[in-house]
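Peer 1: Just target.txt, nothing more (compact mmCIF, C-alpha atoms):
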```
# COMPACT_ATOMS: atom_id res chain seq x y z
CA MET G 1 -21.80 -19.40 5.13
CA ILE G 2 -20.55 -22.89 6.02
CA ILE G 3 -17.35 -23.24 4.04
CA ASP G 4 -16.62 -26.90 4.74
CA LYS G 5 -19.89 -27.91 3.07
CA ASN G 6 -19.68 -25.40 0.24
CA PHE G 7 -15.94 -25.44 -0.42
CA SER G 8 -15.90 -27.68 -3.50
CA PRO G 9 -18.81 -25.93 -5.30
CA ILE G 10 -17.23 -22.52 -4.62
CA MET G 11 -13.84 -23.60 -5.94
CA GLU G 12 -15.38 -25.28 -9.00
CA GLN G 13 -17.03 -21.97 -9.93
CA VAL G 14 -13.88 -20.02 -9.19
CA PHE G 15 -11.66 -22.19 -11.37
CA ALA G 16 -14.29 -21.99 -14.10
CA GLY G 17 -13.48 -18.28 -14.24
CA ARG G 18 -15.73 -16.64 -11.63
CA GLY G 19 -13.94 -14.78 -8.86
CA PHE G 20 -14.81 -14.97 -5.18
CA SER G 21 -17.76 -12.91 -4.03
CA ILE G 22 -17.23 -10.56 -1.08
CA ASP G 23 -19.14 -12.86 1.28
CA GLU G 24 -17.23 -15.92 0.06
CA ALA G 25 -13.93 -14.12 0.54
CA GLU G 26 -14.87 -13.21 4.10
CA ALA G 27 -16.03 -16.72 4.97
CA LEU G 28 -12.95 -18.31 3.42
CA THR G 29 -10.69 -15.95 5.35
CA HIS G 30 -12.37 -16.88 8.63
CA SER G 31 -11.95 -20.57 7.78
CA MET G 32 -8.27 -20.17 6.88
CA ILE G 33 -7.55 -18.31 10.12
CA ASP G 34 -9.50 -20.53 12.52
CA GLY G 35 -8.06 -23.78 11.20
CA THR G 36 -11.24 -25.09 9.58
CA LEU G 37 -9.51 -25.53 6.23
CA SER G 38 -6.68 -27.98 5.65
CA ASP G 39 -3.35 -26.77 4.28
CA VAL G 40 -4.23 -28.20 0.86
CA ARG G 41 -7.50 -26.26 0.76
CA ILE G 42 -5.81 -23.08 1.98
CA ALA G 43 -3.30 -23.45 -0.86
CA ALA G 44 -6.20 -23.86 -3.31
CA VAL G 45 -7.87 -20.68 -2.01
CA LEU G 46 -4.65 -18.66 -2.22
CA THR G 47 -4.11 -19.96 -5.74
CA GLY G 48 -7.65 -18.93 -6.67
CA PHE G 49 -7.07 -15.41 -5.38
CA ARG G 50 -3.80 -15.24 -7.31
CA PHE G 51 -5.09 -16.09 -10.76
CA LEU G 52 -8.49 -14.37 -10.85
CA PRO G 53 -9.44 -10.69 -10.91
CA ILE G 54 -9.94 -9.18 -7.48
CA SER G 55 -11.67 -5.96 -6.46
CA GLU G 56 -10.79 -3.43 -3.78
CA ASP G 57 -14.06 -4.34 -2.03
CA VAL G 58 -12.87 -7.94 -1.63
CA ILE G 59 -9.45 -6.78 -0.40
CA ILE G 60 -11.01 -4.47 2.19
CA ARG G 61 -13.49 -7.10 3.38
CA ILE G 62 -10.64 -9.56 3.92
CA LEU G 63 -8.61 -6.85 5.64
CA ASN G 64 -11.50 -6.09 7.99
CA THR G 65 -11.89 -9.79 8.69
CA ILE G 66 -8.28 -10.30 9.77
CA GLN G 67 -8.36 -7.11 11.86
CA GLU G 68 -11.63 -7.71 13.66
CA LYS G 69 -9.98 -9.37 16.67
CA ASN G 70 -7.31 -6.70 16.90
CA LYS G 71 -8.21 -3.71 19.07
CA ILE G 72 -7.10 -0.56 17.32
CA ILE G 73 -7.13 2.60 19.44
CA LYS G 74 -7.90 5.53 17.18
CA ASP G 75 -7.75 8.30 19.77
CA HIS G 76 -4.38 10.03 19.66
CA ASN G 77 -3.03 13.54 19.14
CA LEU G 78 -0.43 12.72 16.51
CA ASN G 79 -0.72 14.27 13.07
CA HIS G 80 -0.21 12.53 9.76
CA ILE G 81 1.00 9.08 10.78
CA VAL G 82 2.42 7.27 7.74
CA ASP G 83 4.04 4.02 6.68
CA CYS G 84 6.10 3.00 3.67
CA ALA G 85 6.17 -0.64 2.67
CA GLY G 86 6.53 -2.93 -0.30
CA THR G 87 4.47 -5.94 -1.28
CA GLY G 88 7.60 -7.96 -1.99
CA GLY G 89 7.37 -10.56 -4.69
CA ASP G 90 9.65 -8.76 -7.17
CA ARG G 91 12.25 -11.56 -6.78
CA LEU G 92 15.12 -9.09 -7.14
CA THR G 93 16.53 -9.53 -3.60
CA THR G 94 17.46 -5.88 -3.27
CA LEU G 95 18.51 -4.06 -0.11
CA ASN G 96 15.94 -2.94 2.44
CA ILE G 97 15.39 0.42 0.74
CA LEU G 98 11.93 1.15 2.18
CA THR G 99 13.04 0.06 5.64
CA THR G 100 15.85 2.60 5.51
CA ALA G 101 13.53 5.21 4.02
CA SER G 102 11.21 4.88 7.01
CA ILE G 103 14.01 5.95 9.36
CA VAL G 104 15.09 8.82 7.11
CA ALA G 105 11.46 9.97 6.88
CA ALA G 106 11.30 10.05 10.67
CA GLY G 107 14.52 12.07 10.68
CA ALA G 108 12.83 14.52 8.32
CA GLY G 109 9.92 14.97 10.72
CA ALA G 110 7.35 12.37 9.66
CA ASN G 111 5.46 10.29 12.23
CA VAL G 112 6.18 6.75 11.03
CA ALA G 113 4.44 3.54 12.09
CA LYS G 114 6.61 0.94 10.35
CA PHE G 115 4.64 -2.30 10.06
CA THR G 116 6.63 -5.34 9.01
CA GLY G 117 5.77 -8.81 7.85
CA VAL G 118 8.03 -11.69 6.86
CA SER G 119 10.41 -11.64 3.93
CA VAL G 120 8.91 -12.63 0.58
CA SER G 121 11.43 -11.48 -2.05
CA ASN G 122 14.31 -10.01 -0.01
CA LYS G 123 16.86 -12.12 1.78
CA SER G 124 15.96 -10.20 4.92
CA ALA G 125 12.67 -8.64 5.98
CA SER G 126 12.44 -5.28 7.71
CA SER G 127 11.85 -7.09 10.99
CA ASP G 128 15.04 -9.13 10.50
CA VAL G 129 17.11 -5.99 9.95
CA PHE G 130 15.54 -4.11 12.86
CA GLN G 131 16.19 -7.01 15.20
CA MET G 132 19.78 -7.34 13.94
CA LEU G 133 20.22 -3.67 14.86
CA ASN G 134 18.66 -4.24 18.31
CA LEU G 135 15.57 -2.16 17.53
CA SER G 136 12.69 -3.63 19.49
CA PRO G 137 9.14 -4.03 18.16
CA VAL G 138 6.30 -2.54 20.17
CA GLN G 139 3.87 -4.84 21.94
CA SER G 140 0.77 -2.66 21.63
CA VAL G 141 -0.67 0.20 19.62
CA GLU G 142 -0.41 2.39 22.72
CA GLN G 143 3.33 1.73 22.89
CA ALA G 144 3.61 2.58 19.20
CA TYR G 145 2.11 6.01 19.87
CA GLU G 146 4.56 6.55 22.73
CA ASN G 147 7.53 5.66 20.53
CA ILE G 148 6.33 7.97 17.78
CA LYS G 149 5.96 10.80 20.29
CA ASP G 150 9.45 10.17 21.68
CA PHE G 151 11.49 9.61 18.50
CA LYS G 152 9.09 9.76 15.52
CA ILE G 153 9.03 6.04 14.61
CA ALA G 154 7.65 2.75 15.88
CA PHE G 155 8.30 -0.81 14.70
CA LEU G 156 5.20 -3.03 14.64
CA SER G 157 5.66 -6.71 13.84
CA SER G 158 3.03 -8.89 12.21
CA LYS G 159 4.07 -11.66 14.60
CA THR G 160 2.77 -9.55 17.50
CA PHE G 161 -0.41 -8.19 15.97
CA TYR G 162 -1.42 -11.04 13.64
CA PRO G 163 -0.12 -14.28 15.16
CA THR G 164 -2.99 -16.24 13.57
CA LEU G 165 -1.66 -15.40 10.10
CA LYS G 166 1.72 -17.04 10.60
CA HIS G 167 0.45 -20.35 9.24
CA LEU G 168 -0.93 -18.64 6.12
CA MET G 169 2.41 -16.95 5.55
CA ASP G 170 4.19 -20.29 5.86
CA ILE G 171 1.91 -21.75 3.19
CA ARG G 172 2.43 -18.67 1.01
CA LYS G 173 6.21 -19.13 1.18
CA THR G 174 5.85 -22.82 0.33
CA LEU G 175 3.72 -21.97 -2.72
CA GLY G 176 6.48 -19.71 -3.97
CA PHE G 177 4.29 -17.35 -5.99
CA LYS G 178 2.55 -14.07 -5.24
CA THR G 179 -0.85 -14.25 -3.56
CA ILE G 180 -3.42 -11.91 -2.08
CA ILE G 181 -1.41 -11.97 1.16
CA ASP G 182 1.31 -9.91 -0.52
CA LEU G 183 -1.24 -7.18 -1.25
CA LEU G 184 -2.94 -7.34 2.15
CA PHE G 185 0.02 -6.97 4.48
CA PRO G 186 0.97 -3.39 3.55
CA LEU G 187 -2.64 -2.38 4.23
CA ALA G 188 -2.84 -4.16 7.58
CA ASN G 189 -0.96 -1.66 9.76
CA PRO G 190 -2.59 -1.78 13.23
CA VAL G 191 -2.09 1.99 13.59
CA PRO G 192 -4.65 4.15 11.76
CA LEU G 193 -2.66 5.96 9.07
CA THR G 194 -3.50 9.24 7.36
CA GLY G 195 -1.04 8.60 4.55
CA GLN G 196 0.73 5.64 3.05
CA PHE G 197 3.36 4.83 0.42
CA ILE G 198 3.33 1.28 -1.01
CA GLY G 199 5.64 -0.26 -3.58
CA VAL G 200 4.07 -3.09 -5.61
CA TYR G 201 5.44 -6.02 -7.64
CA HIS G 202 3.46 -5.28 -10.82
CA LYS G 203 2.02 -2.12 -12.36
CA ASP G 204 -1.40 -3.81 -12.67
CA CYS G 205 -1.62 -3.56 -8.87
CA LEU G 206 -1.51 0.25 -8.91
CA PRO G 207 -5.21 1.00 -9.57
CA LEU G 208 -6.31 -1.74 -7.16
CA LEU G 209 -4.27 -0.53 -4.21
CA ILE G 210 -4.73 3.20 -4.78
CA ASN G 211 -8.48 2.62 -4.76
CA CYS G 212 -8.08 0.61 -1.55
CA LEU G 213 -6.31 3.58 0.04
CA LYS G 214 -9.13 5.85 -1.11
CA LYS G 215 -11.79 3.58 0.40
CA LEU G 216 -9.72 3.39 3.59
CA ASN G 217 -10.00 7.20 3.79
CA LYS G 218 -6.33 8.05 3.47
CA THR G 219 -5.71 11.76 2.93
CA ARG G 220 -2.67 11.07 0.77
CA GLY G 221 -1.41 7.86 -0.72
CA MET G 222 1.06 6.76 -3.35
CA ILE G 223 1.58 3.41 -5.07
CA ALA G 224 4.74 2.81 -7.11
CA HIS G 225 6.25 0.17 -9.37
CA GLY G 226 9.57 0.36 -11.17
CA GLU G 227 9.61 -0.45 -14.87
CA ASP G 228 12.57 -2.68 -14.03
CA GLY G 229 10.37 -4.73 -11.71
CA LEU G 230 11.25 -3.14 -8.35
CA ASP G 231 8.46 -2.81 -5.78
CA GLU G 232 9.45 0.80 -5.03
CA ILE G 233 10.36 3.96 -6.93
CA SER G 234 13.32 2.90 -9.05
CA VAL G 235 16.48 4.90 -9.66
CA CYS G 236 17.41 2.41 -12.38
CA SER G 237 14.45 2.94 -14.73
CA ALA G 238 11.16 4.79 -15.09
CA SER G 239 8.53 4.19 -12.41
CA TYR G 240 4.76 4.03 -12.60
CA ILE G 241 3.04 6.12 -9.92
CA SER G 242 -0.56 6.37 -8.72
CA LYS G 243 -1.33 9.19 -6.29
CA LEU G 244 -4.27 9.91 -4.02
CA GLU G 245 -4.75 13.42 -2.67
CA ASN G 246 -7.94 14.60 -1.00
CA GLY G 247 -10.04 11.98 -2.77
CA LYS G 248 -8.58 12.55 -6.24
CA ILE G 249 -6.53 9.84 -7.97
CA THR G 250 -3.93 10.62 -10.63
CA HIS G 251 -1.43 8.49 -12.52
CA GLU G 252 1.98 9.37 -13.94
CA VAL G 253 5.32 7.98 -15.06
CA ILE G 254 8.50 9.44 -13.57
CA LYS G 255 12.17 8.98 -14.48
CA PRO G 256 15.33 9.41 -12.39
CA SER G 257 16.39 12.24 -14.72
CA ASP G 258 13.29 14.19 -13.67
CA PHE G 259 15.01 14.63 -10.33
CA GLY G 260 18.58 15.15 -11.50
CA ILE G 261 19.46 11.51 -10.79
CA GLN G 262 21.44 9.39 -13.24
CA ASN G 263 20.15 5.93 -14.10
CA HIS G 264 21.85 3.48 -11.78
CA GLN G 265 22.35 -0.28 -12.15
CA ILE G 266 20.21 -2.72 -10.17
CA LYS G 267 23.33 -4.68 -9.28
CA ASP G 268 24.31 -1.79 -7.01
CA LEU G 269 21.08 -2.21 -5.04
CA LEU G 270 21.29 -5.96 -4.48
CA GLY G 271 21.24 -7.20 -0.91
CA LYS G 272 22.97 -10.13 0.69
CA ASP G 273 22.37 -11.54 4.17
CA ILE G 274 20.86 -9.77 7.16
CA GLU G 275 24.24 -8.60 8.47
CA TYR G 276 25.20 -7.02 5.15
CA ASN G 277 21.83 -5.32 4.65
CA SER G 278 21.96 -3.94 8.20
CA ARG G 279 25.44 -2.51 7.64
CA VAL G 280 24.30 -0.78 4.48
CA LEU G 281 21.37 0.77 6.35
CA ILE G 282 23.82 2.31 8.82
CA ASP G 283 26.03 3.46 5.94
CA VAL G 284 23.07 5.32 4.44
CA LEU G 285 22.30 7.09 7.72
CA LYS G 286 25.97 8.10 7.90
CA ASN G 287 25.81 9.34 4.28
CA GLN G 288 28.45 6.79 3.28
CA ALA G 289 26.60 4.25 1.11
CA HIS G 290 26.94 3.71 -2.65
CA PRO G 291 25.39 6.60 -4.66
CA ALA G 292 22.74 4.27 -6.11
CA VAL G 293 21.62 3.28 -2.62
CA MET G 294 21.66 6.88 -1.38
CA ASP G 295 19.52 8.00 -4.31
CA ALA G 296 17.10 5.06 -3.96
CA VAL G 297 16.55 5.73 -0.27
CA ALA G 298 16.17 9.47 -0.86
CA MET G 299 13.58 9.02 -3.63
CA ASN G 300 11.46 6.61 -1.63
CA THR G 301 11.77 8.79 1.45
CA ALA G 302 10.49 11.68 -0.67
CA ALA G 303 7.38 9.67 -1.51
CA THR G 304 6.84 8.90 2.17
CA LEU G 305 7.23 12.57 3.11
CA TRP G 306 4.70 13.52 0.44
CA CYS G 307 2.24 11.05 1.96
CA ALA G 308 2.95 12.64 5.36
CA GLU G 309 2.00 16.05 3.91
CA LEU G 310 5.46 17.44 4.65
CA CYS G 311 6.12 18.50 1.05
CA GLN G 312 4.19 19.59 -1.99
CA ASP G 313 5.87 17.29 -4.49
CA LEU G 314 8.61 14.69 -4.85
CA LYS G 315 11.28 17.23 -5.72
CA ASP G 316 10.70 19.07 -2.44
CA GLY G 317 10.56 15.74 -0.63
CA LEU G 318 13.89 14.72 -2.15
CA LYS G 319 15.52 17.85 -0.73
CA LEU G 320 14.07 17.13 2.72
CA ALA G 321 15.23 13.51 2.58
CA ARG G 322 18.80 14.43 1.67
CA LYS G 323 18.86 17.14 4.33
CA ALA G 324 17.72 14.65 6.99
CA ILE G 325 20.68 12.42 6.12
CA GLN G 326 23.31 15.12 5.62
CA SER G 327 22.35 16.95 8.83
CA GLY G 328 22.58 13.77 10.90
CA LYS G 329 18.91 13.95 11.95
CA ALA G 330 18.11 10.52 10.50
CA LEU G 331 21.10 8.98 12.30
CA HIS G 332 20.01 10.71 15.52
CA VAL G 333 16.55 9.12 15.28
CA PHE G 334 18.16 5.73 14.83
CA GLU G 335 20.54 6.17 17.77
CA LYS G 336 17.80 7.38 20.11
CA TRP G 337 15.56 4.50 19.05
CA LYS G 338 18.36 1.99 19.63
CA SER G 339 19.22 3.49 23.03
CA ILE G 340 15.64 3.24 24.25
CA SER G 341 15.28 -0.31 22.83
CA GLN G 342 18.27 -1.44 24.90
CA GLN G 343 16.91 -0.11 28.20
```
Mind converting the file's structure to structure tokens?

Peer 2:
Amino acid sequence: MIIDKNFSPIMEQVFAGRGFSIDEAEALTHSMIDGTLSDVRIAAVLTGFRFLPISEDVIIRILNTIQEKNKIIKDHNLNHIVDCAGTGGDRLTTLNILTTASIVAAGAGANVAKFTGVSVSNKSASSDVFQMLNLSPVQSVEQAYENIKDFKIAFLSSKTFYPTLKHLMDIRKTLGFKTIIDLLFPLANPVPLTGQFIGVYHKDCLPLLINCLKKLNKTRGMIAHGEDGLDEISVCSASYISKLENGKITHEVIKPSDFGIQNHQIKDLLGKDIEYNSRVLIDVLKNQAHPAVMDAVAMNTAATLWCAELCQDLKDGLKLARKAIQSGKALHVFEKWKSISQQ
């Protein structure tokens, strides 16, 4: 499909209420990546994706399109590699809860491939915090596997694996509203995952992304949205959960009290600059952070451990998460990772 010639007719139909077809979505993605479309037209496409219904088939076709030039090595002897990530876009500028949870999950025994993009709603992205803490990103999938073998976690940056998407992300930030890019990035991990935990900015995204995980053949997956708007499991309100296990999808609503946790205040989870957020991450690993932060990290770690098939339910996962912190295992993972990064 030649997009330059067909762009206006496609967009006219889209803004009349018809969504993009799968083939149109693929062709438009190619054109946005290769520079065929101007910034104005890219903004129009992203706006179209934002305000019209979108199917998991379109999401996966776009995902395959952006990954087609990236060589992913699937042969490895690691079991149950997982990631935990948020879509961003909740505009609440909270601490890097899922970033911290990824380290705690590794301390609890999970194999974690932490894929990071650029900050959308937080004042600091995972990659910003990791770099502030002198934790180096890997330069290849092979290196990611080596890191996971050595100390259970690897940091993969979108800047390394998807350099052609930087311009799209710049346009997304200029637009200032949520787009399909926010939904794509958590799914774009270059490492083949068996399980994945994703926090989303709106509960309407739950069925879309859990079905994406099913079509991507994940063994376990969980999508979460806090009733208070957080793109993670909230310890300040109820949370909407969609779970995938062995091909079966279920939905539920959970509350902090279900896990013996009191309802906290969002103000106690708010982040500041990169330096502050990085210090709080270390405080969590030392078991010295505010109770709200400790509970938030533990709950989201529990979800990650469930996706890694290391526990049967969130209550068991919560125990494992707290044990990883209290025993010092999570801090040990961090210190080993930092030591190797500085070599």

Peer 1: If you measure from CA of Leu318 (chain G) to CA of Thr250 (chain G), what distance in Å do you get, rounded to one decimal?

Peer 2: 20.2 Å

Peer 1: Using all atoms listed in the file for the distances, tell me which of G:Val82, G:Ile60, G:Met222, G:Leu168 is nearest to Gly35 (chain G).

Peer 2: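 The answer is G:Leu168, which sits nearest to Gly35 (chain G).
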
Peer 1: Any idea what's packed within 8 Å of Met11 (chain G), counting only C-alpha atoms, ignoring anything in its chain fewer than 4 positions away? Could you give it as a PDB file with C-alpha atoms, in the frame of the given file?

Peer 2:
```
ATOM      1  CA  PHE G   7     -15.940 -25.440  -0.420  1.00  0.00           C
ATOM      2  CA  PHE G  15     -11.660 -22.190 -11.370  1.00  0.00           C
ATOM      3  CA  VAL G  45      -7.870 -20.680  -2.010  1.00  0.00           C
ATOM      4  CA  GLY G  48      -7.650 -18.930  -6.670  1.00  0.00           C
TER       5      GLY G  48
END
```

Peer 1: Closest to Ala330 (chain G) among G:Asp313, G:Asp228, G:Glu142, G:Asp283, using all atoms listed in the file?

Peer 2: G:Asp283

Peer 1: List the spatial neighbours of region 294-306 of chain G as a ChimeraX atom specification - criterion: any atom at most 8 Å away, only C-alpha atoms, same-chain residues fewer than 6 positions off excluded.

Peer 2: /G:82-84,97-98,100-102,104-105,108,110,196-197,220,222,232-235,261,284,287,312-322

Peer 1: My list of candidates is G:Pro137, G:Asp39, G:Ser257, G:Ser124. Which is closest to Lys338 (chain G) when distances are computed with only C-alpha atoms?

Peer 2: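 Of G:Pro137, G:Asp39, G:Ser257, G:Ser124, the one nearest Lys338 (chain G), counting only C-alpha atoms, is G:Pro137.
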
Peer 1: Quick one: pull the distance between CA of Val58 (chain G) and CA of Val200 (chain G), Å, one decimal.

Peer 2: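 Atom-to-atom, CA of Val58 (chain G) and CA of Val200 (chain G) are spaced 18.1 Å apart.
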
Peer 1: What is the distance, in Å and to one decimal place, between CA of Arg50 (chain G) and CA of Tyr201 (chain G)?

Peer 2: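 One can read the CA of Arg50 (chain G) to CA of Tyr201 (chain G) distance as 13.1 Å.
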
Peer 1: Once 4 Å is added on each side, what centre and edge lengths in Å to one decimal does the axis-aligned box around all listed atoms of region 318-335 of chain G have, as JSON?

Peer 2:
```
{"center_x": 18.6, "center_y": 11.8, "center_z": 7.8, "size_x": 17.4, "size_y": 20.1, "size_z": 27.9}
```

Peer 1: Around (-3.5, -13.0, 2.6), as given in the file, which residues come within 10 Å? Count all atoms listed in the file and list them as a ChimeraX atom specification.

Peer 2: /G:29,32,45-46,49,59,62-63,66,165,168-169,172,178-185

Peer 1: As a list in words, please: the residues near Gln288 (chain G) (cut-off 12 Å, all atoms listed in the file, same-chain neighbours under 5 positions excluded).

Peer 2: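 Once the nearby chain positions are removed, what remains is Arg279, Val280, Leu281, Ile282, Asp283, Val293, Met294, Asp295, Ile325, Gln326, Gly328 and Leu331 of chain G.
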
Peer 1: Skipping near chain neighbours, those fewer than 3 positions away, what residues fall within 8 Å of Gly226 (chain G) using all atoms listed in the file, listed as a list in words?

Peer 2: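 So, after excluding close chain neighbours, the residues are Gly229, Leu230, Asp231, Glu232, Ile233, Ser234, Ser237, Ala238, Ser239 and Tyr240 of chain G.
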
Peer 1: Pick from G:Leu208, G:Leu213, G:Leu78, G:Ile22: nearest to Leu187 (chain G), with all atoms listed in the file counted?

Peer 2: G:Leu213

Peer 1: Excluding Ser126 (chain G) and any residue of its chain fewer than 2 positions from it, enumerate the residues within 10 Å of it, using all atoms listed in the file, and give them as a PDB file with C-alpha atoms, keeping the file's coordinate frame.

Peer 2:
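Final file, out-v9.pdb:
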```pdb
ATOM      1  CA  ALA G  85       6.170  -0.640   2.670  1.00  0.00           C
ATOM      2  CA  LEU G  95      18.510  -4.060  -0.110  1.00  0.00           C
ATOM      3  CA  ASN G  96      15.940  -2.940   2.440  1.00  0.00           C
ATOM      4  CA  ILE G  97      15.390   0.420   0.740  1.00  0.00           C
ATOM      5  CA  LEU G  98      11.930   1.150   2.180  1.00  0.00           C
ATOM      6  CA  THR G  99      13.040   0.060   5.640  1.00  0.00           C
ATOM      7  CA  THR G 100      15.850   2.600   5.510  1.00  0.00           C
ATOM      8  CA  LYS G 114       6.610   0.940  10.350  1.00  0.00           C
ATOM      9  CA  PHE G 115       4.640  -2.300  10.060  1.00  0.00           C
ATOM     10  CA  THR G 116       6.630  -5.340   9.010  1.00  0.00           C
ATOM     11  CA  GLY G 117       5.770  -8.810   7.850  1.00  0.00           C
ATOM     12  CA  VAL G 118       8.030 -11.690   6.860  1.00  0.00           C
ATOM     13  CA  SER G 119      10.410 -11.640   3.930  1.00  0.00           C
ATOM     14  CA  ASN G 122      14.310 -10.010  -0.010  1.00  0.00           C
ATOM     15  CA  SER G 124      15.960 -10.200   4.920  1.00  0.00           C
ATOM     16  CA  ASP G 128      15.040  -9.130  10.500  1.00  0.00           C
ATOM     17  CA  VAL G 129      17.110  -5.990   9.950  1.00  0.00           C
ATOM     18  CA  PHE G 130      15.540  -4.110  12.860  1.00  0.00           C
ATOM     19  CA  GLN G 131      16.190  -7.010  15.200  1.00  0.00           C
ATOM     20  CA  MET G 132      19.780  -7.340  13.940  1.00  0.00           C
ATOM     21  CA  PHE G 155       8.300  -0.810  14.700  1.00  0.00           C
ATOM     22  CA  SER G 157       5.660  -6.710  13.840  1.00  0.00           C
ATOM     23  CA  ILE G 274      20.860  -9.770   7.160  1.00  0.00           C
ATOM     24  CA  ASN G 277      21.830  -5.320   4.650  1.00  0.00           C
ATOM     25  CA  SER G 278      21.960  -3.940   8.200  1.00  0.00           C
TER      26      SER G 278
END
```

Peer 1: For each of G:Leu135, G:Asp170, G:Ala113, G:Phe51, take the minimum atom-to-atom distance to Ile340 (chain G), counting all atoms listed in the file, then give the residue where this is smallest.

Peer 2: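 Answer, going by the shortest atom-to-atom distance: G:Leu135.
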
Peer 1: Between G:Lys243, G:Lys336, G:Lys323, G:Lys286, which residue has the minimum interatomic distance to Phe151 (chain G), considering all atoms listed in the file?

Peer 2: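 Result for the nearest residue to Phe151 (chain G): G:Lys336.
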
Peer 1: Every residue with an atom at most 10 Å from (-10.8, 5.2, 4.3) (file coordinates; all atoms listed in the file) is what I'm after, so could you write them as a ChimeraX atom specification?

Peer 2: /G:60,192-194,211-219,247

Peer 1: Please produce a file of those selected residues containing C-alpha atoms, as a compact mmCIF listing (two decimals), keeping the file's coordinate frame.

Peer 2:
```
# COMPACT_ATOMS: atom_id res chain seq x y z
CA ILE G 60 -11.01 -4.47 2.19
CA PRO G 192 -4.65 4.15 11.76
CA LEU G 193 -2.66 5.96 9.07
CA THR G 194 -3.50 9.24 7.36
CA ASN G 211 -8.48 2.62 -4.76
CA CYS G 212 -8.08 0.61 -1.55
CA LEU G 213 -6.31 3.58 0.04
CA LYS G 214 -9.13 5.85 -1.11
CA LYS G 215 -11.79 3.58 0.40
CA LEU G 216 -9.72 3.39 3.59
CA ASN G 217 -10.00 7.20 3.79
CA LYS G 218 -6.33 8.05 3.47
CA THR G 219 -5.71 11.76 2.93
CA GLY G 247 -10.04 11.98 -2.77
```
